[in-house]
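Enquirer: Data: work01.txt, compact mmCIF, C-alpha atoms.
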```txt
# COMPACT_ATOMS: atom_id res chain seq x y z
CA MET A 4 2.08 14.66 -4.93
CA ILE A 5 -0.81 13.21 -6.91
CA ALA A 6 -3.02 11.38 -4.42
CA ASN A 7 -5.53 8.98 -5.97
CA TYR A 8 -8.44 8.12 -3.70
CA GLY A 9 -10.95 5.47 -4.71
CA TYR A 10 -11.16 1.99 -6.13
CA LYS A 11 -11.67 -0.24 -9.13
CA ASP A 12 -14.40 -2.84 -9.10
CA GLY A 13 -16.40 -4.91 -11.56
CA SER A 14 -18.33 -1.86 -12.75
CA GLY A 15 -15.40 0.44 -13.42
CA GLU A 16 -12.59 2.59 -12.09
CA TYR A 17 -13.56 5.35 -9.68
CA TYR A 18 -10.74 7.61 -8.52
CA ILE A 19 -10.60 11.25 -7.49
CA SER A 20 -7.06 12.59 -7.95
CA ILE A 21 -5.86 15.53 -5.89
CA ASP A 22 -2.67 17.32 -6.90
CA THR A 23 -1.47 18.33 -3.45
CA ASP A 24 1.19 20.69 -4.86
CA LYS A 25 -1.66 22.85 -6.19
CA CYS A 26 -3.62 22.34 -3.00
CA ILE A 27 -0.98 23.79 -0.66
CA GLY A 28 -1.82 27.44 0.04
CA CYS A 29 -5.14 27.06 -1.80
CA ALA A 30 -5.97 29.98 -4.10
CA ALA A 31 -9.67 29.11 -3.98
CA ASP A 32 -9.96 29.45 -0.21
CA ARG A 33 -10.74 25.73 0.23
CA ALA A 34 -13.89 26.03 -1.86
CA CYS A 35 -14.03 22.25 -2.35
CA LEU A 36 -15.14 21.82 1.26
CA THR A 37 -18.45 23.60 0.67
CA ALA A 38 -18.87 22.86 -3.05
CA CYS A 39 -19.29 19.11 -2.58
CA PRO A 40 -22.93 18.40 -1.70
CA LYS A 41 -21.82 15.24 0.15
CA GLN A 42 -19.01 17.11 1.97
CA MET A 43 -16.52 14.44 1.03
CA PHE A 44 -13.48 16.73 1.16
CA GLU A 45 -11.55 17.39 4.34
CA ILE A 46 -8.35 19.33 5.07
CA ILE A 47 -5.61 17.30 6.74
CA THR A 48 -1.93 17.75 7.52
CA ASP A 49 -0.16 15.17 5.37
CA ASP A 50 3.03 13.25 6.13
CA TYR A 51 5.14 16.12 4.79
CA ASP A 52 3.44 18.64 7.13
CA ASP A 53 1.47 20.29 4.32
CA GLU A 54 -2.18 21.21 4.75
CA VAL A 55 -4.00 19.57 1.86
CA ALA A 56 -7.42 18.23 0.94
CA TRP A 57 -8.28 14.55 0.92
CA ILE A 58 -11.39 12.43 0.54
CA LYS A 59 -12.90 11.18 3.78
CA LYS A 60 -12.19 7.46 4.23
CA PRO A 61 -15.78 6.13 4.13
CA ASN A 62 -16.42 8.00 0.86
CA CYS A 63 -13.35 6.44 -0.77
CA ARG A 64 -15.25 3.15 -0.91
CA THR A 65 -18.48 4.57 -2.32
CA LEU A 66 -17.38 7.21 -4.83
CA ALA A 67 -19.45 5.84 -7.71
CA TYR A 68 -22.62 6.36 -5.68
CA ASP A 69 -21.61 9.50 -3.78
CA CYS A 70 -20.66 11.39 -6.95
CA ALA A 71 -23.55 10.11 -9.09
CA ASP A 72 -25.84 13.06 -8.32
CA CYS A 73 -23.24 15.57 -9.58
CA LYS A 74 -22.56 13.79 -12.87
CA PRO A 75 -24.31 15.00 -16.07
CA SER A 76 -27.16 12.52 -15.52
CA GLY A 77 -27.87 14.39 -12.27
CA GLY A 78 -28.40 17.65 -14.17
CA TYR A 79 -24.93 19.18 -13.74
CA SER A 80 -22.94 20.38 -16.74
CA SER A 81 -19.71 20.47 -14.71
CA LEU A 82 -18.77 18.85 -11.44
CA PRO A 83 -19.13 21.27 -8.49
CA CYS A 84 -15.83 20.22 -6.89
CA ILE A 85 -13.83 20.67 -10.10
CA ALA A 86 -15.53 24.00 -10.88
CA ALA A 87 -14.85 25.29 -7.35
CA CYS A 88 -11.19 24.24 -7.38
CA THR A 89 -9.78 27.09 -9.50
CA PRO A 90 -6.15 25.92 -9.09
CA GLY A 91 -7.22 22.75 -10.95
CA ALA A 92 -6.10 20.27 -8.32
CA ILE A 93 -9.10 17.92 -8.55
CA LYS A 94 -9.76 15.35 -11.29
CA HIS A 95 -12.24 12.49 -11.63
CA SER A 96 -11.26 9.32 -13.48
CA TRP A 97 -14.78 8.60 -14.77
CA MET B 30 20.49 7.21 18.44
CA ILE B 31 17.90 4.47 18.06
CA THR B 32 14.48 4.96 16.48
CA ALA B 33 11.64 2.49 16.03
CA GLY B 34 9.20 1.94 13.18
CA ILE B 35 6.09 -0.15 13.74
CA ASP B 36 3.98 -1.37 10.86
CA MET B 37 0.57 -2.40 12.20
CA GLY B 38 -0.55 -4.54 9.29
CA SER B 39 -3.90 -6.23 9.05
CA ARG B 40 -2.32 -9.68 9.48
CA SER B 41 0.96 -9.10 11.34
CA ILE B 42 2.89 -6.46 13.26
CA LYS B 43 6.39 -5.62 12.10
CA VAL B 44 8.91 -3.74 14.25
CA ILE B 45 12.22 -2.26 13.09
CA LEU B 46 14.75 -0.84 15.52
CA LEU B 47 17.08 1.43 13.59
CA GLU B 48 20.47 2.59 14.77
CA GLU B 49 22.26 5.65 13.53
CA LEU B 50 25.75 4.69 12.40
CA LYS B 51 28.89 6.76 12.44
CA VAL B 52 31.29 4.98 10.11
CA ASP B 53 34.49 6.93 9.37
CA GLY B 54 35.21 7.15 5.66
CA ALA B 55 31.80 5.79 4.68
CA PRO B 56 29.40 8.71 5.02
CA GLN B 57 26.74 6.91 2.99
CA LEU B 58 26.29 4.39 5.81
CA LYS B 59 24.02 6.46 7.99
CA TYR B 60 21.63 3.89 9.39
CA GLY B 61 21.66 0.18 10.19
CA VAL B 62 18.87 -2.17 11.23
CA LYS B 63 19.54 -3.25 14.81
CA LYS B 64 16.58 -5.60 15.08
CA ALA B 65 13.69 -6.74 12.86
CA HIS B 66 10.83 -8.45 14.61
CA ILE B 67 7.50 -9.79 13.40
CA MET B 68 4.53 -10.93 15.46
CA MET B 69 1.18 -12.43 14.53
CA PRO B 70 -1.32 -10.98 17.03
CA GLY B 71 -2.98 -13.65 19.14
CA ASP B 72 -6.07 -11.58 19.91
CA LEU B 73 -8.08 -8.72 18.45
CA ASP B 74 -6.90 -6.08 20.90
CA GLN B 75 -4.48 -4.12 18.72
CA ASP B 76 -3.24 -1.86 21.54
CA VAL B 77 -2.10 -4.88 23.56
CA ALA B 78 -0.65 -6.57 20.47
CA ALA B 79 1.39 -3.45 19.58
CA ASP B 80 2.78 -3.27 23.11
CA LYS B 81 3.68 -6.97 23.06
CA ALA B 82 5.37 -6.84 19.64
CA TYR B 83 7.39 -3.77 20.64
CA ASP B 84 8.47 -5.30 23.96
CA GLU B 85 9.49 -8.55 22.22
CA ALA B 86 11.59 -6.59 19.70
CA LEU B 87 13.27 -4.55 22.46
CA ALA B 88 13.99 -7.67 24.55
CA SER B 89 15.58 -9.53 21.65
CA ALA B 90 17.75 -6.48 20.89
CA GLY B 91 18.72 -6.12 24.57
CA LEU B 92 17.17 -2.64 24.81
CA LYS B 93 14.75 -0.83 27.09
CA ARG B 94 11.99 1.58 26.06
CA GLU B 95 14.01 4.58 27.25
CA ASP B 96 16.85 3.63 24.86
CA VAL B 97 14.62 4.45 21.88
CA LYS B 98 14.43 8.14 21.11
CA VAL B 99 11.27 8.13 19.03
CA VAL B 100 8.67 5.65 17.74
CA PHE B 101 6.73 6.17 14.49
CA ALA B 102 3.84 3.94 13.42
CA THR B 103 2.33 3.09 10.06
CA GLY B 104 -0.15 0.57 8.63
CA ALA B 105 -3.87 0.04 8.87
CA GLY B 106 -3.79 -0.02 12.68
CA ARG B 107 -1.27 2.78 13.25
CA LYS B 108 -3.71 4.76 15.38
CA GLN B 109 -3.78 1.87 17.86
CA VAL B 110 -0.12 2.32 18.76
CA SER B 111 -0.64 4.41 21.88
CA PHE B 112 3.08 4.88 22.57
CA SER B 113 3.98 6.15 19.08
CA THR B 114 5.10 9.75 18.66
CA GLU B 115 3.59 10.08 15.20
CA GLY B 116 1.66 8.07 12.62
CA ILE B 117 2.48 8.16 8.92
CA THR B 118 0.70 6.64 5.94
CA GLU B 119 1.70 3.34 4.34
CA MET B 120 2.49 5.17 1.09
CA THR B 121 5.04 7.53 2.66
CA ALA B 122 6.63 4.75 4.73
CA GLY B 123 6.76 2.23 1.87
CA ALA B 124 8.29 4.72 -0.58
CA LYS B 125 10.97 5.72 1.94
CA GLY B 126 11.88 2.14 2.87
CA ALA B 127 12.02 0.96 -0.75
CA ASN B 128 14.20 3.92 -1.72
CA PHE B 129 16.60 3.11 1.16
CA MET B 130 17.00 -0.47 -0.08
CA PHE B 131 17.10 0.49 -3.78
CA PRO B 132 18.16 4.14 -4.24
CA MET B 133 17.25 4.03 -7.95
CA ALA B 134 13.70 2.88 -7.19
CA ARG B 135 11.07 5.15 -8.74
CA THR B 136 8.06 2.81 -8.86
CA VAL B 137 7.14 0.97 -5.67
CA VAL B 138 4.51 -1.75 -5.57
CA ASP B 139 3.32 -2.77 -2.10
CA VAL B 140 1.20 -5.92 -1.85
CA GLY B 141 0.34 -6.98 1.67
CA ALA B 142 -2.32 -9.17 3.23
CA GLU B 143 -5.36 -6.95 2.79
CA GLU B 144 -4.34 -4.17 0.43
CA GLY B 145 -2.18 -3.48 -2.57
CA ARG B 146 -0.95 -0.08 -3.72
CA GLY B 147 1.36 1.55 -6.21
CA MET B 148 3.57 4.54 -5.52
CA LYS B 149 5.88 6.71 -7.54
CA THR B 150 8.85 8.07 -5.58
CA ASP B 151 11.52 10.70 -6.13
CA ALA B 152 15.28 10.38 -5.49
CA GLU B 153 14.82 11.20 -1.79
CA GLY B 154 12.21 8.49 -1.26
CA ARG B 155 9.32 10.94 -1.10
CA ALA B 156 6.01 9.63 -2.46
CA VAL B 157 4.99 11.82 -5.41
CA ASP B 158 2.01 9.84 -6.67
CA PHE B 159 0.03 6.95 -5.24
CA ALA B 160 -3.05 4.82 -5.86
CA GLY B 161 -4.62 2.00 -3.90
CA ASN B 162 -7.89 0.16 -3.81
CA GLU B 163 -9.99 1.23 -0.84
CA LYS B 164 -12.79 -1.19 -1.50
CA CYS B 165 -11.61 -4.59 -2.65
CA ALA B 166 -9.07 -7.19 -1.48
CA ALA B 167 -8.88 -8.95 -4.86
CA GLY B 168 -5.49 -7.33 -5.47
CA ALA B 169 -3.94 -8.50 -2.22
CA GLY B 170 -2.41 -11.48 -0.45
CA SER B 171 -5.57 -12.62 1.33
CA PHE B 172 -7.18 -13.24 -2.06
CA ALA B 173 -4.33 -15.57 -3.08
CA GLU B 174 -4.48 -17.21 0.36
CA ALA B 175 -8.22 -17.90 0.07
CA MET B 176 -7.74 -19.42 -3.39
CA SER B 177 -4.82 -21.61 -2.24
CA ARG B 178 -7.10 -22.93 0.53
CA ALA B 179 -9.72 -23.80 -2.09
CA LEU B 180 -7.02 -25.80 -3.90
CA GLN B 181 -5.86 -27.38 -0.61
CA MET B 182 -2.32 -26.07 -1.09
CA THR B 183 0.02 -24.01 1.08
CA LEU B 184 0.86 -20.56 -0.25
CA LYS B 185 4.39 -21.75 -1.12
CA GLU B 186 3.05 -24.75 -3.07
CA PHE B 187 0.52 -22.43 -4.72
CA GLY B 188 3.21 -20.02 -5.95
CA ASP B 189 5.48 -22.81 -7.15
CA ALA B 190 2.60 -24.58 -8.93
CA SER B 191 1.76 -21.47 -10.93
CA LEU B 192 5.32 -21.34 -12.28
CA LYS B 193 4.83 -24.81 -13.79
CA SER B 194 1.93 -23.63 -15.96
CA ASP B 195 2.13 -21.84 -19.28
CA LYS B 196 -1.63 -21.49 -19.77
CA SER B 197 -3.53 -18.22 -19.47
CA ILE B 198 -7.00 -18.76 -18.09
CA PRO B 199 -8.86 -15.48 -17.51
CA MET B 200 -10.63 -15.07 -14.18
CA ASN B 201 -13.52 -12.69 -14.62
CA ALA B 202 -14.75 -12.38 -11.06
CA GLN B 203 -13.64 -9.16 -9.33
CA CYS B 204 -14.68 -10.33 -5.90
CA THR B 205 -12.92 -12.92 -3.72
CA VAL B 206 -16.18 -14.72 -2.96
CA PHE B 207 -17.18 -15.06 -6.63
CA ALA B 208 -13.60 -15.88 -7.65
CA GLU B 209 -13.69 -18.86 -5.28
CA SER B 210 -16.78 -20.10 -7.14
CA GLU B 211 -14.85 -19.72 -10.37
CA VAL B 212 -11.96 -21.75 -8.92
CA VAL B 213 -14.40 -24.47 -7.82
CA SER B 214 -15.82 -24.54 -11.39
CA LEU B 215 -12.30 -24.96 -12.77
CA ILE B 216 -11.66 -27.81 -10.30
CA HIS B 217 -14.90 -29.50 -11.42
CA SER B 218 -13.88 -29.19 -15.06
CA SER B 219 -10.64 -31.07 -14.19
CA THR B 220 -8.39 -28.08 -14.92
CA PRO B 221 -4.89 -28.91 -13.60
CA LYS B 222 -4.06 -27.26 -10.27
CA ASN B 223 -1.00 -25.59 -11.76
CA ASP B 224 -3.15 -23.81 -14.35
CA ILE B 225 -5.68 -22.69 -11.72
CA ALA B 226 -2.89 -21.35 -9.51
CA LYS B 227 -1.49 -19.36 -12.42
CA ALA B 228 -4.97 -18.05 -13.32
CA VAL B 229 -5.47 -16.78 -9.75
CA LEU B 230 -2.05 -15.14 -9.47
CA ASP B 231 -2.41 -13.60 -12.94
CA ALA B 232 -5.72 -12.11 -11.76
CA VAL B 233 -4.14 -10.65 -8.59
CA ALA B 234 -1.25 -9.27 -10.64
CA SER B 235 -3.62 -7.69 -13.15
CA ARG B 236 -5.57 -5.91 -10.37
CA VAL B 237 -2.33 -4.67 -8.78
CA CYS B 238 -1.02 -3.61 -12.18
CA ALA B 239 -4.15 -1.51 -12.81
CA MET B 240 -3.35 0.51 -9.67
CA VAL B 241 0.32 0.87 -10.60
CA ARG B 242 -0.53 2.02 -14.12
CA ARG B 243 -2.64 4.79 -12.58
CA VAL B 244 0.56 6.31 -11.16
CA GLY B 245 2.71 5.23 -14.11
CA ILE B 246 5.59 2.78 -14.38
CA GLU B 247 9.02 4.36 -14.63
CA GLY B 248 12.58 3.68 -13.49
CA GLU B 249 13.46 0.73 -11.28
CA VAL B 250 10.39 -1.16 -10.05
CA VAL B 251 10.52 -2.48 -6.47
CA LEU B 252 8.01 -4.91 -5.01
CA ILE B 253 7.53 -4.85 -1.23
CA GLY B 254 5.14 -6.61 1.16
CA GLY B 255 4.53 -10.24 2.02
CA MET B 256 3.54 -11.27 -1.51
CA VAL B 257 7.21 -11.00 -2.53
CA HIS B 258 7.57 -14.49 -1.01
CA ASN B 259 5.18 -15.84 -3.66
CA SER B 260 7.42 -16.51 -6.65
CA GLY B 261 4.46 -17.22 -8.92
CA PHE B 262 2.96 -13.81 -8.16
CA VAL B 263 6.25 -12.03 -8.83
CA GLN B 264 6.41 -13.68 -12.27
CA SER B 265 2.77 -12.83 -13.03
CA LEU B 266 3.35 -9.21 -11.99
CA LYS B 267 6.39 -8.87 -14.25
CA VAL B 268 4.35 -10.09 -17.21
CA ALA B 269 1.34 -7.88 -16.34
CA MET B 270 3.51 -4.77 -15.98
CA GLY B 271 5.56 -5.59 -19.07
CA VAL B 272 8.89 -5.15 -17.29
CA ASP B 273 11.98 -7.37 -17.51
CA SER B 274 12.86 -7.21 -13.86
CA VAL B 275 11.38 -6.31 -10.51
CA SER B 276 13.72 -5.66 -7.58
CA LEU B 277 12.91 -7.69 -4.47
CA PRO B 278 14.25 -6.68 -1.05
CA ASP B 279 15.55 -9.30 1.39
CA MET B 280 12.94 -8.67 4.07
CA PRO B 281 9.99 -7.43 2.02
CA GLU B 282 7.39 -7.37 4.80
CA TYR B 283 9.56 -5.05 6.92
CA ILE B 284 10.07 -2.29 4.34
CA SER B 285 7.23 -0.04 5.54
CA ALA B 286 8.39 -0.38 9.16
CA LEU B 287 11.91 0.42 7.97
CA GLY B 288 10.68 3.51 6.12
CA CYS B 289 8.85 4.56 9.23
CA ALA B 290 11.97 4.24 11.40
CA LEU B 291 14.04 6.13 8.79
CA ILE B 292 11.59 9.05 8.69
CA ALA B 293 11.58 9.08 12.50
CA ALA B 294 15.40 9.28 12.50
CA GLU B 295 15.60 11.97 9.83
CA ARG B 296 13.13 14.17 11.69
CA GLN B 297 15.45 14.24 14.70
CA HIS B 298 18.03 16.25 12.71
```
Please express the file's structure as structure tokens.
Expert:
Amino acid sequence: MIANYGYKDGSGEYYISIDTDKCIGCAADRACLTACPKQMFEIITDDYDDEVAWIKKPNCRTLAYDCADCKPSGGYSSLPCIAACTPGAIKHSW
Amino acid sequence: MITAGIDMGSRSIKVILLEELKVDGAPQLKYGVKKAHIMMPGDLDQDVAADKAYDEALASAGLKREDVKVVFATGAGRKQVSFSTEGITEMTAGAKGANFMFPMARTVVDVGAEEGRGMKTDAEGRAVDFAGNEKCAAGAGSFAEAMSRALQMTLKEFGDASLKSDKSIPMNAQCTVFAESEVVSLIHSSTPKNDIAKAVLDAVASRVCAMVRRVGIEGEVVLIGGMVHNSGFVQSLKVAMGVDSVSLPDMPEYISALGCALIAAERQH
């Protein structure tokens, strides 16, 4: 399942997509949990009884601000969460 | 076997009591809705409201609590249903319910009072892709309701009025509060009510469509949730999505509760 967490507002579209099929039995040992400086990722058991990552609810409404420090303007050449997720399950829409 | 699905929406509580059927010679008829019940909570205590809605549904079906094998809850307030066995997300429940009503459904659009979302589903009714809007209610029923109030119309009149307009007036405001100012400006510039109604519903449809496009539009498109009752919105959504038809279930606001009850029943086997 592709789970899109985030929102669209007057300033743009801010979604983090997690491909839960790649997330099940994570090959990166859940590196996203520690890679995100804001600790936005959390492991949950979804409706199909699979253990997958999701974005914590409060962060889903503030992604544009929460992720700003990790974007190129914050000095990063690649996003820590995407770099840590070696199975390639995480994508940002902006 | 009877299972219950409760959809704790932000505006209303929907209860479905589902009965497992054993019809000889018709193996496809596995489940039937025994009772559908809706209640508008009178107070803010969601636990009490859930109890009351469930008891009302059971009483009108002539059942007792012990007759129901399992209760699953969904919706924004699903965690408030203290007597539920399990809580499932609106995406999973909506996809399952829509697929039960329309087995060829692959794109499900759910527009309720406070939130809209788009889901892609497989042949078994399993959600394979979803997107919502966690921040803004501009793509939901409450937005249309607030605008109809500004025009001093009921929601039904509002929907019907929009169908009488063929004008496209863009609404630029993304926020309900600012959009109301825009509606007031249109009123002051003597724009006909029909055109304003269409502008508002086009704006809601365009916000919903943006979410649905994120997951992709394919196969039969089904619209569920209370906004199905707004004929003007349905038309605006069809145009925004660029599809010829959108399938509309008979009891659109109950579909997530139905999906919930179906998942509850299937997990007993």
Enquirer: Hey, can I get the axis-aligned box for segment 229-242 of chain B? All listed atoms, 3 Å padding on each side, centre and edge lengths in Å to one decimal, as AutoDock Vina command-line options.
Expert:
```
--center_x -2.7 --center_y -7.4 --center_z -11.4 --size_x 12.0 --size_y 24.8 --size_z 11.5
```
Enquirer: Need to verify the contact set: Glu45 of chain A, 9 Å, only C-alpha atoms, exclusion of same-chain residues closer than 4 positions in sequence. Can you return it as an mmCIF file with C-alpha atoms, keeping the file's coordinate frame?
Expert:
```cif
data_model
loop_
_atom_site.group_PDB
_atom_site.id
_atom_site.type_symbol
_atom_site.label_atom_id
_atom_site.label_comp_id
_atom_site.auth_asym_id
_atom_site.auth_seq_id
_atom_site.Cartn_x
_atom_site.Cartn_y
_atom_site.Cartn_z
ATOM 1 C CA CYS A 35 -14.030 22.250 -2.350
ATOM 2 C CA LEU A 36 -15.140 21.820 1.260
ATOM 3 C CA VAL A 55 -4.000 19.570 1.860
ATOM 4 C CA ALA A 56 -7.420 18.230 0.940
ATOM 5 C CA TRP A 57 -8.280 14.550 0.920
ATOM 6 C CA ILE A 58 -11.390 12.430 0.540
ATOM 7 C CA LYS A 59 -12.900 11.180 3.780
#
```
Enquirer: If I take atom CA of Ala232 of chain B and atom CA of Gly13 of chain A, how far is one from the other in Å, to one decimal?
Expert: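 These two atoms are separated by 12.9 Å.
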Enquirer: Of the candidates B:Ala65, B:Glu247, B:Asp84, B:Lys164, which one gets nearest to Thr150 of chain B if we count only C-alpha atoms?
Expert: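 Going through B:Ala65, B:Glu247, B:Asp84, B:Lys164 one by one, the smallest distance to Thr150 of chain B is for B:Glu247.
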Enquirer: Would you write out, as CSV, a table of all residues in chain B that have an atom no more than 9 Å from an atom of chain A, listing for each the closest atom pair and the distance in Å to one decimal, considering all atoms listed in the file and ordering rows by chain and rising residue number?
Expert:
```
residue,atom,partner,partner_atom,distance
B:Gly116,CA,A:Asp50,CA,8.4
B:Ile117,CA,A:Asp50,CA,5.8
B:Thr118,CA,A:Asp50,CA,7.0
B:Thr121,CA,A:Asp50,CA,7.0
B:Arg155,CA,A:Tyr51,CA,8.9
B:Ala156,CA,A:Met4,CA,6.8
B:Val157,CA,A:Met4,CA,4.1
B:Asp158,CA,A:Ile5,CA,4.4
B:Phe159,CA,A:Ala6,CA,5.4
B:Ala160,CA,A:Asn7,CA,4.8
B:Gly161,CA,A:Tyr10,CA,6.9
B:Asn162,CA,A:Tyr10,CA,4.4
B:Glu163,CA,A:Tyr10,CA,5.5
B:Lys164,CA,A:Arg64,CA,5.0
B:Cys165,CA,A:Asp12,CA,7.2
B:Asn201,CA,A:Gly13,CA,8.8
B:Ala202,CA,A:Gly13,CA,7.7
B:Gln203,CA,A:Gly13,CA,5.5
B:Cys204,CA,A:Gly13,CA,8.0
B:Arg236,CA,A:Lys11,CA,8.4
B:Ala239,CA,A:Lys11,CA,8.5
B:Met240,CA,A:Lys11,CA,8.4
B:Arg243,CA,A:Asn7,CA,8.3
B:Val244,CA,A:Ile5,CA,8.2
```
